[in-house]
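Encoded as C-alpha cells, the structure appears first; notes follow it.
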Amino acid sequence: TRLRDGSGWGAGGGSGLGTGYDSAFVYSPQTGQGTEVGRLANERMWTGGALLADGRVLVGGGAGPNTDSAAPITAEIYDPGNRTFSPAPNMLAVYHFPLVFGLPDGQVLTVGGSSERFVDGVWNATSPMNIYRDDAAGTVFPDGRVLVAGGRDNQSLTSVEIFDPVVDRWTVTAPMAGARVRHETVLLTDGRVMAIAGTAGSGALTTTELLTIGQ
C-alpha cells in the first residue's frame, strides 16, 4: 500500500514453511531501506490493505498463523502518524485470499468469494458477485469502478466482472482468453487492463493479455 508520503507499506505475509507474520514495514524509495513499524494483533498470511481517506491503512482477511488456520474475521487499522495498530469492526465474512481496494471516495472494497465495503467505519455488504472467485486479481478505475479477473472456484477462471459502487452492482464483462490464478492486473494509460502471468491448470504462466473494458 502506498502511503501519502510516497512510501510503501506492507504487513503480514508468510514464510515458505507456511507460517504467518505479524510485522509491518515501511519502505522508503528515497533511501531504499525498509523499517519495521509495528505489529498486527493477528498474524495474517495473504492479507490485504488499502488506504483510507484520512491516510490510515485498513487491513483485513488472510489466513491465520499458518496455512491450516481459518481466515480471521477481524480487521485492523494502522496509523502511520504514531505507527500503531488499532482494532477495526469485524468483517461480515471471512476472506482467505482477499483483494482490498481503496476507492477514490475513501471507501474500501474487499473481495474474495463475497464482497463488502468499509464506509465511515462500518462494513456493509455489497450486491453479490456473479461468480464465486478466490485468488483473483483486480484494478480500480479512476471513476471508482473495480475490475476483478480470473481466480478460482473449483477450477481456474477466465471470467471478468466489474463492480460499480454508485449503483452497487457487479456486471460480467468479456472473459479473458485464458484462465489465470494468482496473477496481476495493471491499468494502462489508455484505459486497457493488462493481465500478467499467474498460474493455471498447466502450471506457471509467462503470458500477458490486454483487456479492453467499455464504459
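We name chains A, B, ... following the order of the C-alpha cells; residues begin at 1 in each chain, and ligands are numbered from 1 as shown.
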Per-residue nearest contacts stretch 88-148 of chain A to stretch 72-83 of chain A, cut-off 7 Å, using only C-alpha atoms, as a tab-separated table:
residue	atom	partner	partner_atom	distance
A:Ala88	CA	A:Glu76	CA	4.8
A:Pro89	CA	A:Ala75	CA	6.4
A:Asn90	CA	A:Thr74	CA	4.5
A:Met91	CA	A:Ile73	CA	5.4
A:Ala93	CA	A:Ile73	CA	6.3
A:Val94	CA	A:Ile73	CA	5.1
Please save C-alpha atoms of the selected residues as a PDB file, in the first residue's frame.
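Once written, selection02.pdb looks like this:
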ATOM      1  CA  ALA A  88     -11.462  -2.139  13.370  1.00  0.00           C
ATOM      2  CA  PRO A  89     -15.002  -3.578  13.344  1.00  0.00           C
ATOM      3  CA  ASN A  90     -15.140  -7.258  12.415  1.00  0.00           C
ATOM      4  CA  MET A  91     -15.767  -8.023   8.764  1.00  0.00           C
ATOM      5  CA  ALA A  93     -17.367 -12.633   6.115  1.00  0.00           C
ATOM      6  CA  VAL A  94     -14.006 -14.378   6.085  1.00  0.00           C
TER       7      VAL A  94
END
Q: Might you pull out every residue within 7 Å of stretch 145-160 of chain A, with only C-alpha atoms counted and same-chain residues fewer than 4 positions away left off, and present them as an MDAnalysis selection string?
A: chainID A and resid 132:141 164:165 172:182 200:201
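The space between atom CA of A:Thr199 and atom CA of A:Gly48 spans 19.9 Å.
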Q. Near A:Gln30, within 12 Å and counting only C-alpha atoms, which residues show up once chain neighbours fewer than 5 positions away are dropped, as a PyMOL selection string?
A. chain A and resi 5-8
Written file, previous selection with N, CA, C and O atoms, as an mmCIF file, in the first residue's frame:
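This is the output file result-v4.cif:
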data_model
loop_
_atom_site.group_PDB
_atom_site.id
_atom_site.type_symbol
_atom_site.label_atom_id
_atom_site.label_comp_id
_atom_site.auth_asym_id
_atom_site.auth_seq_id
_atom_site.Cartn_x
_atom_site.Cartn_y
_atom_site.Cartn_z
ATOM 1 N N ASP A 5 2.870 9.892 1.998
ATOM 2 C CA ASP A 5 4.201 10.478 1.813
ATOM 3 C C ASP A 5 4.993 9.797 0.707
ATOM 4 O O ASP A 5 6.154 10.112 0.495
ATOM 5 N N GLY A 6 4.378 8.849 0.006
ATOM 6 C CA GLY A 6 5.036 8.169 -1.099
ATOM 7 C C GLY A 6 5.751 6.896 -0.726
ATOM 8 O O GLY A 6 6.235 6.178 -1.607
ATOM 9 N N SER A 7 5.839 6.596 0.543
ATOM 10 C CA SER A 7 6.499 5.372 0.975
ATOM 11 C C SER A 7 5.570 4.177 0.767
ATOM 12 O O SER A 7 4.353 4.320 0.675
ATOM 13 N N GLY A 8 6.173 3.002 0.684
ATOM 14 C CA GLY A 8 5.408 1.784 0.533
ATOM 15 C C GLY A 8 5.242 1.090 1.872
ATOM 16 O O GLY A 8 6.182 1.041 2.676
#
Which parts of stretch 15-215 of chain A does DSSP call strand (DSSP E or B) when run on the backbone here, written out as a PDB file with N, CA and C atoms, in the first residue's frame?
ATOM      1  N   THR A  19       4.178 -20.465   7.747  1.00  0.00           N
ATOM      2  CA  THR A  19       3.878 -19.759   8.995  1.00  0.00           C
ATOM      3  C   THR A  19       3.676 -18.277   8.707  1.00  0.00           C
ATOM      4  N   GLY A  20       2.733 -17.663   9.433  1.00  0.00           N
ATOM      5  CA  GLY A  20       2.387 -16.285   9.189  1.00  0.00           C
ATOM      6  C   GLY A  20       3.220 -15.304   9.991  1.00  0.00           C
ATOM      7  N   SER A  23       4.346  -8.736  11.563  1.00  0.00           N
ATOM      8  CA  SER A  23       5.092  -7.483  11.491  1.00  0.00           C
ATOM      9  C   SER A  23       4.624  -6.614  10.327  1.00  0.00           C
ATOM     10  N   ALA A  24       4.897  -5.320  10.457  1.00  0.00           N
ATOM     11  CA  ALA A  24       4.603  -4.353   9.407  1.00  0.00           C
ATOM     12  C   ALA A  24       5.867  -3.562   9.098  1.00  0.00           C
ATOM     13  N   PHE A  25       6.016  -3.175   7.828  1.00  0.00           N
ATOM     14  CA  PHE A  25       7.213  -2.465   7.390  1.00  0.00           C
ATOM     15  C   PHE A  25       6.841  -1.295   6.494  1.00  0.00           C
ATOM     16  N   VAL A  26       7.688  -0.279   6.533  1.00  0.00           N
ATOM     17  CA  VAL A  26       7.598   0.840   5.591  1.00  0.00           C
ATOM     18  C   VAL A  26       8.867   0.860   4.763  1.00  0.00           C
ATOM     19  N   TYR A  27       8.708   0.987   3.441  1.00  0.00           N
ATOM     20  CA  TYR A  27       9.853   1.078   2.531  1.00  0.00           C
ATOM     21  C   TYR A  27       9.968   2.506   2.018  1.00  0.00           C
ATOM     22  N   SER A  28      11.158   3.090   2.149  1.00  0.00           N
ATOM     23  CA  SER A  28      11.412   4.445   1.675  1.00  0.00           C
ATOM     24  C   SER A  28      12.068   4.396   0.301  1.00  0.00           C
ATOM     25  N   GLN A  33      15.538   1.715   1.876  1.00  0.00           N
ATOM     26  CA  GLN A  33      15.571   0.911   3.094  1.00  0.00           C
ATOM     27  C   GLN A  33      14.164   0.654   3.621  1.00  0.00           C
ATOM     28  N   GLY A  34      14.004  -0.508   4.268  1.00  0.00           N
ATOM     29  CA  GLY A  34      12.755  -0.839   4.926  1.00  0.00           C
ATOM     30  C   GLY A  34      12.907  -0.766   6.430  1.00  0.00           C
ATOM     31  N   THR A  35      11.850  -0.336   7.113  1.00  0.00           N
ATOM     32  CA  THR A  35      11.871  -0.188   8.566  1.00  0.00           C
ATOM     33  C   THR A  35      10.644  -0.858   9.160  1.00  0.00           C
ATOM     34  N   GLU A  36      10.832  -1.654  10.210  1.00  0.00           N
ATOM     35  CA  GLU A  36       9.689  -2.246  10.891  1.00  0.00           C
ATOM     36  C   GLU A  36       8.948  -1.160  11.659  1.00  0.00           C
ATOM     37  N   VAL A  37       7.613  -1.163  11.556  1.00  0.00           N
ATOM     38  CA  VAL A  37       6.827  -0.061  12.129  1.00  0.00           C
ATOM     39  C   VAL A  37       5.652  -0.550  12.963  1.00  0.00           C
ATOM     40  N   GLY A  38       5.767  -1.687  13.564  1.00  0.00           N
ATOM     41  CA  GLY A  38       4.690  -2.149  14.431  1.00  0.00           C
ATOM     42  C   GLY A  38       4.291  -3.571  14.116  1.00  0.00           C
ATOM     43  N   ARG A  39       3.340  -4.066  14.909  1.00  0.00           N
ATOM     44  CA  ARG A  39       2.900  -5.451  14.747  1.00  0.00           C
ATOM     45  C   ARG A  39       1.378  -5.552  14.784  1.00  0.00           C
ATOM     46  N   MET A  45      -1.484 -14.298   6.923  1.00  0.00           N
ATOM     47  CA  MET A  45      -0.926 -14.646   5.624  1.00  0.00           C
ATOM     48  C   MET A  45      -1.923 -14.257   4.535  1.00  0.00           C
ATOM     49  N   GLY A  48      -4.669  -8.317   2.916  1.00  0.00           N
ATOM     50  CA  GLY A  48      -4.681  -7.161   2.030  1.00  0.00           C
ATOM     51  C   GLY A  48      -4.883  -5.885   2.825  1.00  0.00           C
ATOM     52  N   GLY A  49      -4.462  -4.769   2.245  1.00  0.00           N
ATOM     53  CA  GLY A  49      -4.615  -3.482   2.914  1.00  0.00           C
ATOM     54  C   GLY A  49      -4.909  -2.386   1.908  1.00  0.00           C
ATOM     55  N   ALA A  50      -5.564  -1.326   2.356  1.00  0.00           N
ATOM     56  CA  ALA A  50      -5.889  -0.195   1.483  1.00  0.00           C
ATOM     57  C   ALA A  50      -5.906   1.085   2.296  1.00  0.00           C
ATOM     58  N   LEU A  51      -5.567   2.182   1.617  1.00  0.00           N
ATOM     59  CA  LEU A  51      -5.502   3.491   2.250  1.00  0.00           C
ATOM     60  C   LEU A  51      -6.901   4.055   2.456  1.00  0.00           C
ATOM     61  N   VAL A  57      -4.382   3.027   7.223  1.00  0.00           N
ATOM     62  CA  VAL A  57      -4.468   1.846   6.368  1.00  0.00           C
ATOM     63  C   VAL A  57      -5.358   0.805   7.029  1.00  0.00           C
ATOM     64  N   LEU A  58      -6.332   0.302   6.281  1.00  0.00           N
ATOM     65  CA  LEU A  58      -7.215  -0.756   6.751  1.00  0.00           C
ATOM     66  C   LEU A  58      -6.682  -2.099   6.278  1.00  0.00           C
ATOM     67  N   VAL A  59      -6.560  -3.061   7.204  1.00  0.00           N
ATOM     68  CA  VAL A  59      -6.060  -4.399   6.903  1.00  0.00           C
ATOM     69  C   VAL A  59      -7.113  -5.413   7.306  1.00  0.00           C
ATOM     70  N   GLY A  60      -7.367  -6.392   6.431  1.00  0.00           N
ATOM     71  CA  GLY A  60      -8.358  -7.400   6.776  1.00  0.00           C
ATOM     72  C   GLY A  60      -8.161  -8.679   5.995  1.00  0.00           C
ATOM     73  N   ALA A  63      -5.126 -15.691   5.810  1.00  0.00           N
ATOM     74  CA  ALA A  63      -5.091 -16.865   6.679  1.00  0.00           C
ATOM     75  C   ALA A  63      -4.523 -16.487   8.032  1.00  0.00           C
ATOM     76  N   ASN A  66      -0.967 -20.023  10.355  1.00  0.00           N
ATOM     77  CA  ASN A  66      -0.371 -20.968   9.422  1.00  0.00           C
ATOM     78  C   ASN A  66      -1.379 -21.314   8.337  1.00  0.00           C
ATOM     79  N   ALA A  75     -10.450  -7.180  11.556  1.00  0.00           N
ATOM     80  CA  ALA A  75      -9.752  -6.190  10.740  1.00  0.00           C
ATOM     81  C   ALA A  75      -9.011  -5.244  11.673  1.00  0.00           C
ATOM     82  N   GLU A  76      -7.990  -4.599  11.142  1.00  0.00           N
ATOM     83  CA  GLU A  76      -7.177  -3.675  11.937  1.00  0.00           C
ATOM     84  C   GLU A  76      -6.876  -2.424  11.120  1.00  0.00           C
ATOM     85  N   ILE A  77      -6.581  -1.346  11.829  1.00  0.00           N
ATOM     86  CA  ILE A  77      -6.234  -0.078  11.177  1.00  0.00           C
ATOM     87  C   ILE A  77      -4.864   0.370  11.668  1.00  0.00           C
ATOM     88  N   TYR A  78      -4.005   0.672  10.706  1.00  0.00           N
ATOM     89  CA  TYR A  78      -2.656   1.173  11.018  1.00  0.00           C
ATOM     90  C   TYR A  78      -2.631   2.689  10.867  1.00  0.00           C
ATOM     91  N   ASP A  79      -2.077   3.363  11.881  1.00  0.00           N
ATOM     92  CA  ASP A  79      -1.928   4.819  11.862  1.00  0.00           C
ATOM     93  C   ASP A  79      -0.462   5.150  11.616  1.00  0.00           C
ATOM     94  N   THR A  84       1.075   2.695  15.017  1.00  0.00           N
ATOM     95  CA  THR A  84       0.383   1.714  15.850  1.00  0.00           C
ATOM     96  C   THR A  84      -0.829   1.152  15.105  1.00  0.00           C
ATOM     97  N   PHE A  85      -1.245  -0.051  15.537  1.00  0.00           N
ATOM     98  CA  PHE A  85      -2.452  -0.681  15.034  1.00  0.00           C
ATOM     99  C   PHE A  85      -3.558  -0.577  16.078  1.00  0.00           C
ATOM    100  N   SER A  86      -4.779  -0.453  15.610  1.00  0.00           N
ATOM    101  CA  SER A  86      -5.937  -0.487  16.496  1.00  0.00           C
ATOM    102  C   SER A  86      -7.003  -1.369  15.854  1.00  0.00           C
ATOM    103  N   PRO A  87      -7.895  -1.966  16.664  1.00  0.00           N
ATOM    104  CA  PRO A  87      -8.937  -2.832  16.098  1.00  0.00           C
ATOM    105  C   PRO A  87      -9.924  -2.038  15.253  1.00  0.00           C
ATOM    106  N   ALA A  88     -10.354  -2.657  14.164  1.00  0.00           N
ATOM    107  CA  ALA A  88     -11.462  -2.139  13.370  1.00  0.00           C
ATOM    108  C   ALA A  88     -12.651  -3.078  13.576  1.00  0.00           C
ATOM    109  N   LEU A  99      -8.829  -9.496  -2.004  1.00  0.00           N
ATOM    110  CA  LEU A  99      -8.405  -8.298  -2.721  1.00  0.00           C
ATOM    111  C   LEU A  99      -8.989  -7.121  -1.953  1.00  0.00           C
ATOM    112  N   VAL A 100      -8.160  -6.142  -1.615  1.00  0.00           N
ATOM    113  CA  VAL A 100      -8.613  -4.993  -0.825  1.00  0.00           C
ATOM    114  C   VAL A 100      -8.285  -3.733  -1.615  1.00  0.00           C
ATOM    115  N   PHE A 101      -9.323  -2.981  -1.981  1.00  0.00           N
ATOM    116  CA  PHE A 101      -9.159  -1.832  -2.862  1.00  0.00           C
ATOM    117  C   PHE A 101      -9.562  -0.542  -2.145  1.00  0.00           C
ATOM    118  N   GLY A 102      -8.718   0.471  -2.214  1.00  0.00           N
ATOM    119  CA  GLY A 102      -9.093   1.802  -1.789  1.00  0.00           C
ATOM    120  C   GLY A 102      -9.749   2.533  -2.947  1.00  0.00           C
ATOM    121  N   VAL A 108     -13.432   1.480   1.154  1.00  0.00           N
ATOM    122  CA  VAL A 108     -12.574   0.329   0.894  1.00  0.00           C
ATOM    123  C   VAL A 108     -13.462  -0.842   0.515  1.00  0.00           C
ATOM    124  N   LEU A 109     -13.135  -1.481  -0.603  1.00  0.00           N
ATOM    125  CA  LEU A 109     -13.868  -2.647  -1.081  1.00  0.00           C
ATOM    126  C   LEU A 109     -13.005  -3.888  -0.879  1.00  0.00           C
ATOM    127  N   THR A 110     -13.561  -4.898  -0.221  1.00  0.00           N
ATOM    128  CA  THR A 110     -12.875  -6.178  -0.032  1.00  0.00           C
ATOM    129  C   THR A 110     -13.615  -7.250  -0.817  1.00  0.00           C
ATOM    130  N   VAL A 111     -12.838  -8.040  -1.577  1.00  0.00           N
ATOM    131  CA  VAL A 111     -13.410  -9.034  -2.489  1.00  0.00           C
ATOM    132  C   VAL A 111     -12.713 -10.372  -2.273  1.00  0.00           C
ATOM    133  N   GLY A 112     -13.482 -11.451  -2.321  1.00  0.00           N
ATOM    134  CA  GLY A 112     -12.908 -12.786  -2.239  1.00  0.00           C
ATOM    135  C   GLY A 112     -13.995 -13.805  -1.988  1.00  0.00           C
ATOM    136  N   SER A 114     -17.235 -13.441  -1.603  1.00  0.00           N
ATOM    137  CA  SER A 114     -18.235 -12.389  -1.416  1.00  0.00           C
ATOM    138  C   SER A 114     -17.522 -11.049  -1.485  1.00  0.00           C
ATOM    139  N   SER A 115     -18.243  -9.978  -1.184  1.00  0.00           N
ATOM    140  CA  SER A 115     -17.615  -8.655  -1.180  1.00  0.00           C
ATOM    141  C   SER A 115     -18.353  -7.744  -0.213  1.00  0.00           C
ATOM    142  N   GLU A 116     -17.625  -6.783   0.329  1.00  0.00           N
ATOM    143  CA  GLU A 116     -18.206  -5.819   1.253  1.00  0.00           C
ATOM    144  C   GLU A 116     -17.415  -4.523   1.210  1.00  0.00           C
ATOM    145  N   ARG A 117     -18.062  -3.454   1.657  1.00  0.00           N
ATOM    146  CA  ARG A 117     -17.428  -2.134   1.659  1.00  0.00           C
ATOM    147  C   ARG A 117     -17.300  -1.598   3.081  1.00  0.00           C
ATOM    148  N   PHE A 118     -16.186  -0.933   3.354  1.00  0.00           N
ATOM    149  CA  PHE A 118     -15.960  -0.251   4.627  1.00  0.00           C
ATOM    150  C   PHE A 118     -16.223   1.228   4.388  1.00  0.00           C
ATOM    151  N   VAL A 119     -17.300   1.722   4.986  1.00  0.00           N
ATOM    152  CA  VAL A 119     -17.740   3.095   4.760  1.00  0.00           C
ATOM    153  C   VAL A 119     -17.984   3.759   6.105  1.00  0.00           C
ATOM    154  N   VAL A 122     -17.851   1.449   9.095  1.00  0.00           N
ATOM    155  CA  VAL A 122     -18.806   0.337   9.166  1.00  0.00           C
ATOM    156  C   VAL A 122     -18.668  -0.527   7.914  1.00  0.00           C
ATOM    157  N   TRP A 123     -18.701  -1.863   8.100  1.00  0.00           N
ATOM    158  CA  TRP A 123     -18.718  -2.791   6.974  1.00  0.00           C
ATOM    159  C   TRP A 123     -20.149  -2.944   6.468  1.00  0.00           C
ATOM    160  N   ASN A 124     -20.309  -2.855   5.150  1.00  0.00           N
ATOM    161  CA  ASN A 124     -21.613  -3.008   4.509  1.00  0.00           C
ATOM    162  C   ASN A 124     -21.507  -4.036   3.390  1.00  0.00           C
ATOM    163  N   ALA A 125     -22.414  -5.004   3.361  1.00  0.00           N
ATOM    164  CA  ALA A 125     -22.419  -5.981   2.283  1.00  0.00           C
ATOM    165  C   ALA A 125     -22.769  -5.303   0.962  1.00  0.00           C
ATOM    166  N   ASP A 134     -11.829 -16.885  -5.757  1.00  0.00           N
ATOM    167  CA  ASP A 134     -10.751 -16.629  -4.814  1.00  0.00           C
ATOM    168  C   ASP A 134      -9.466 -16.506  -5.624  1.00  0.00           C
ATOM    169  N   ALA A 137      -7.385 -11.303  -9.333  1.00  0.00           N
ATOM    170  CA  ALA A 137      -6.639 -10.042  -9.386  1.00  0.00           C
ATOM    171  C   ALA A 137      -7.608  -8.932  -9.757  1.00  0.00           C
ATOM    172  N   GLY A 138      -7.270  -7.713  -9.389  1.00  0.00           N
ATOM    173  CA  GLY A 138      -8.198  -6.625  -9.661  1.00  0.00           C
ATOM    174  C   GLY A 138      -7.533  -5.274  -9.784  1.00  0.00           C
ATOM    175  N   THR A 139      -8.299  -4.340 -10.331  1.00  0.00           N
ATOM    176  CA  THR A 139      -7.807  -2.997 -10.629  1.00  0.00           C
ATOM    177  C   THR A 139      -8.922  -1.986 -10.401  1.00  0.00           C
ATOM    178  N   VAL A 140      -8.572  -0.831  -9.851  1.00  0.00           N
ATOM    179  CA  VAL A 140      -9.529   0.261  -9.659  1.00  0.00           C
ATOM    180  C   VAL A 140      -9.388   1.266 -10.792  1.00  0.00           C
ATOM    181  N   VAL A 146     -14.430  -1.107 -10.163  1.00  0.00           N
ATOM    182  CA  VAL A 146     -13.386  -2.071  -9.838  1.00  0.00           C
ATOM    183  C   VAL A 146     -13.532  -3.293 -10.733  1.00  0.00           C
ATOM    184  N   LEU A 147     -12.465  -3.645 -11.425  1.00  0.00           N
ATOM    185  CA  LEU A 147     -12.423  -4.851 -12.249  1.00  0.00           C
ATOM    186  C   LEU A 147     -11.787  -5.983 -11.465  1.00  0.00           C
ATOM    187  N   VAL A 148     -12.413  -7.158 -11.504  1.00  0.00           N
ATOM    188  CA  VAL A 148     -11.848  -8.355 -10.889  1.00  0.00           C
ATOM    189  C   VAL A 148     -11.835  -9.452 -11.948  1.00  0.00           C
ATOM    190  N   ALA A 149     -10.669 -10.069 -12.140  1.00  0.00           N
ATOM    191  CA  ALA A 149     -10.497 -11.023 -13.234  1.00  0.00           C
ATOM    192  C   ALA A 149      -9.895 -12.329 -12.734  1.00  0.00           C
ATOM    193  N   ARG A 152     -10.115 -18.536  -8.903  1.00  0.00           N
ATOM    194  CA  ARG A 152     -10.547 -19.935  -8.955  1.00  0.00           C
ATOM    195  C   ARG A 152     -11.763 -20.153  -8.065  1.00  0.00           C
ATOM    196  N   SER A 156      -9.796 -23.097 -12.348  1.00  0.00           N
ATOM    197  CA  SER A 156      -9.282 -21.786 -12.727  1.00  0.00           C
ATOM    198  C   SER A 156     -10.301 -21.087 -13.625  1.00  0.00           C
ATOM    199  N   VAL A 160     -14.515 -12.332 -15.992  1.00  0.00           N
ATOM    200  CA  VAL A 160     -14.177 -10.975 -15.539  1.00  0.00           C
ATOM    201  C   VAL A 160     -15.482 -10.272 -15.173  1.00  0.00           C
ATOM    202  N   GLU A 161     -15.482  -9.562 -14.062  1.00  0.00           N
ATOM    203  CA  GLU A 161     -16.647  -8.745 -13.731  1.00  0.00           C
ATOM    204  C   GLU A 161     -16.211  -7.416 -13.134  1.00  0.00           C
ATOM    205  N   ILE A 162     -17.120  -6.462 -13.196  1.00  0.00           N
ATOM    206  CA  ILE A 162     -16.830  -5.094 -12.765  1.00  0.00           C
ATOM    207  C   ILE A 162     -17.860  -4.666 -11.735  1.00  0.00           C
ATOM    208  N   PHE A 163     -17.359  -4.076 -10.648  1.00  0.00           N
ATOM    209  CA  PHE A 163     -18.240  -3.553  -9.610  1.00  0.00           C
ATOM    210  C   PHE A 163     -18.381  -2.051  -9.779  1.00  0.00           C
ATOM    211  N   ASP A 164     -19.621  -1.579  -9.797  1.00  0.00           N
ATOM    212  CA  ASP A 164     -19.920  -0.148  -9.857  1.00  0.00           C
ATOM    213  C   ASP A 164     -20.433   0.279  -8.486  1.00  0.00           C
ATOM    214  N   ARG A 169     -23.497  -2.730  -7.976  1.00  0.00           N
ATOM    215  CA  ARG A 169     -23.809  -3.868  -8.838  1.00  0.00           C
ATOM    216  C   ARG A 169     -22.542  -4.424  -9.474  1.00  0.00           C
ATOM    217  N   TRP A 170     -22.456  -5.764  -9.490  1.00  0.00           N
ATOM    218  CA  TRP A 170     -21.416  -6.477 -10.229  1.00  0.00           C
ATOM    219  C   TRP A 170     -21.966  -6.852 -11.606  1.00  0.00           C
ATOM    220  N   THR A 171     -21.188  -6.585 -12.658  1.00  0.00           N
ATOM    221  CA  THR A 171     -21.602  -6.876 -14.025  1.00  0.00           C
ATOM    222  C   THR A 171     -20.533  -7.703 -14.713  1.00  0.00           C
ATOM    223  N   VAL A 172     -20.931  -8.817 -15.307  1.00  0.00           N
ATOM    224  CA  VAL A 172     -19.990  -9.653 -16.047  1.00  0.00           C
ATOM    225  C   VAL A 172     -19.646  -8.981 -17.369  1.00  0.00           C
ATOM    226  N   THR A 173     -18.368  -8.981 -17.720  1.00  0.00           N
ATOM    227  CA  THR A 173     -17.922  -8.443 -18.992  1.00  0.00           C
ATOM    228  C   THR A 173     -17.182  -9.536 -19.750  1.00  0.00           C
ATOM    229  N   VAL A 181      -4.803 -17.606 -12.244  1.00  0.00           N
ATOM    230  CA  VAL A 181      -4.939 -17.603 -10.798  1.00  0.00           C
ATOM    231  C   VAL A 181      -3.665 -16.991 -10.214  1.00  0.00           C
ATOM    232  N   GLU A 184      -1.477 -10.823 -11.774  1.00  0.00           N
ATOM    233  CA  GLU A 184      -1.549  -9.385 -11.515  1.00  0.00           C
ATOM    234  C   GLU A 184      -2.327  -8.718 -12.637  1.00  0.00           C
ATOM    235  N   THR A 185      -2.994  -7.624 -12.310  1.00  0.00           N
ATOM    236  CA  THR A 185      -3.612  -6.781 -13.325  1.00  0.00           C
ATOM    237  C   THR A 185      -3.127  -5.350 -13.132  1.00  0.00           C
ATOM    238  N   VAL A 186      -2.878  -4.663 -14.243  1.00  0.00           N
ATOM    239  CA  VAL A 186      -2.359  -3.301 -14.209  1.00  0.00           C
ATOM    240  C   VAL A 186      -3.178  -2.437 -15.155  1.00  0.00           C
ATOM    241  N   LEU A 187      -3.634  -1.286 -14.672  1.00  0.00           N
ATOM    242  CA  LEU A 187      -4.365  -0.335 -15.501  1.00  0.00           C
ATOM    243  C   LEU A 187      -3.368   0.480 -16.319  1.00  0.00           C
ATOM    244  N   VAL A 193      -6.582  -2.858 -19.487  1.00  0.00           N
ATOM    245  CA  VAL A 193      -6.017  -3.534 -18.327  1.00  0.00           C
ATOM    246  C   VAL A 193      -5.162  -4.700 -18.818  1.00  0.00           C
ATOM    247  N   MET A 194      -3.948  -4.785 -18.306  1.00  0.00           N
ATOM    248  CA  MET A 194      -3.071  -5.898 -18.657  1.00  0.00           C
ATOM    249  C   MET A 194      -3.119  -6.947 -17.558  1.00  0.00           C
ATOM    250  N   ALA A 195      -3.408  -8.183 -17.939  1.00  0.00           N
ATOM    251  CA  ALA A 195      -3.344  -9.324 -17.034  1.00  0.00           C
ATOM    252  C   ALA A 195      -1.993 -10.004 -17.237  1.00  0.00           C
ATOM    253  N   ILE A 196      -1.299 -10.242 -16.126  1.00  0.00           N
ATOM    254  CA  ILE A 196       0.097 -10.665 -16.205  1.00  0.00           C
ATOM    255  C   ILE A 196       0.320 -11.965 -15.450  1.00  0.00           C
ATOM    256  N   THR A 199      -0.897 -18.499 -12.557  1.00  0.00           N
ATOM    257  CA  THR A 199      -0.859 -19.943 -12.772  1.00  0.00           C
ATOM    258  C   THR A 199      -2.185 -20.387 -13.372  1.00  0.00           C
ATOM    259  N   ALA A 200      -2.190 -21.593 -13.897  1.00  0.00           N
ATOM    260  CA  ALA A 200      -3.409 -22.233 -14.395  1.00  0.00           C
ATOM    261  C   ALA A 200      -3.234 -23.727 -14.204  1.00  0.00           C
ATOM    262  N   GLY A 203       0.188 -25.125 -14.871  1.00  0.00           N
ATOM    263  CA  GLY A 203       1.338 -24.631 -14.122  1.00  0.00           C
ATOM    264  C   GLY A 203       1.516 -23.132 -14.275  1.00  0.00           C
ATOM    265  N   ALA A 204       2.726 -22.654 -14.002  1.00  0.00           N
ATOM    266  CA  ALA A 204       3.008 -21.216 -14.037  1.00  0.00           C
ATOM    267  C   ALA A 204       2.894 -20.660 -15.453  1.00  0.00           C
ATOM    268  N   THR A 208       0.960 -12.629 -21.091  1.00  0.00           N
ATOM    269  CA  THR A 208       0.177 -11.456 -20.709  1.00  0.00           C
ATOM    270  C   THR A 208      -1.015 -11.337 -21.652  1.00  0.00           C
ATOM    271  N   GLU A 209      -1.990 -10.552 -21.249  1.00  0.00           N
ATOM    272  CA  GLU A 209      -3.176 -10.364 -22.057  1.00  0.00           C
ATOM    273  C   GLU A 209      -3.717  -8.968 -21.795  1.00  0.00           C
ATOM    274  N   LEU A 210      -4.212  -8.299 -22.861  1.00  0.00           N
ATOM    275  CA  LEU A 210      -4.810  -6.979 -22.733  1.00  0.00           C
ATOM    276  C   LEU A 210      -6.324  -7.094 -22.742  1.00  0.00           C
ATOM    277  N   LEU A 211      -6.955  -6.445 -21.763  1.00  0.00           N
ATOM    278  CA  LEU A 211      -8.401  -6.438 -21.635  1.00  0.00           C
ATOM    279  C   LEU A 211      -8.917  -5.050 -21.954  1.00  0.00           C
TER     280      LEU A 211
END
Q) Any idea what the distance is between atom CA of A:Thr1 and atom CA of A:Asp143? A) 19.6 Å
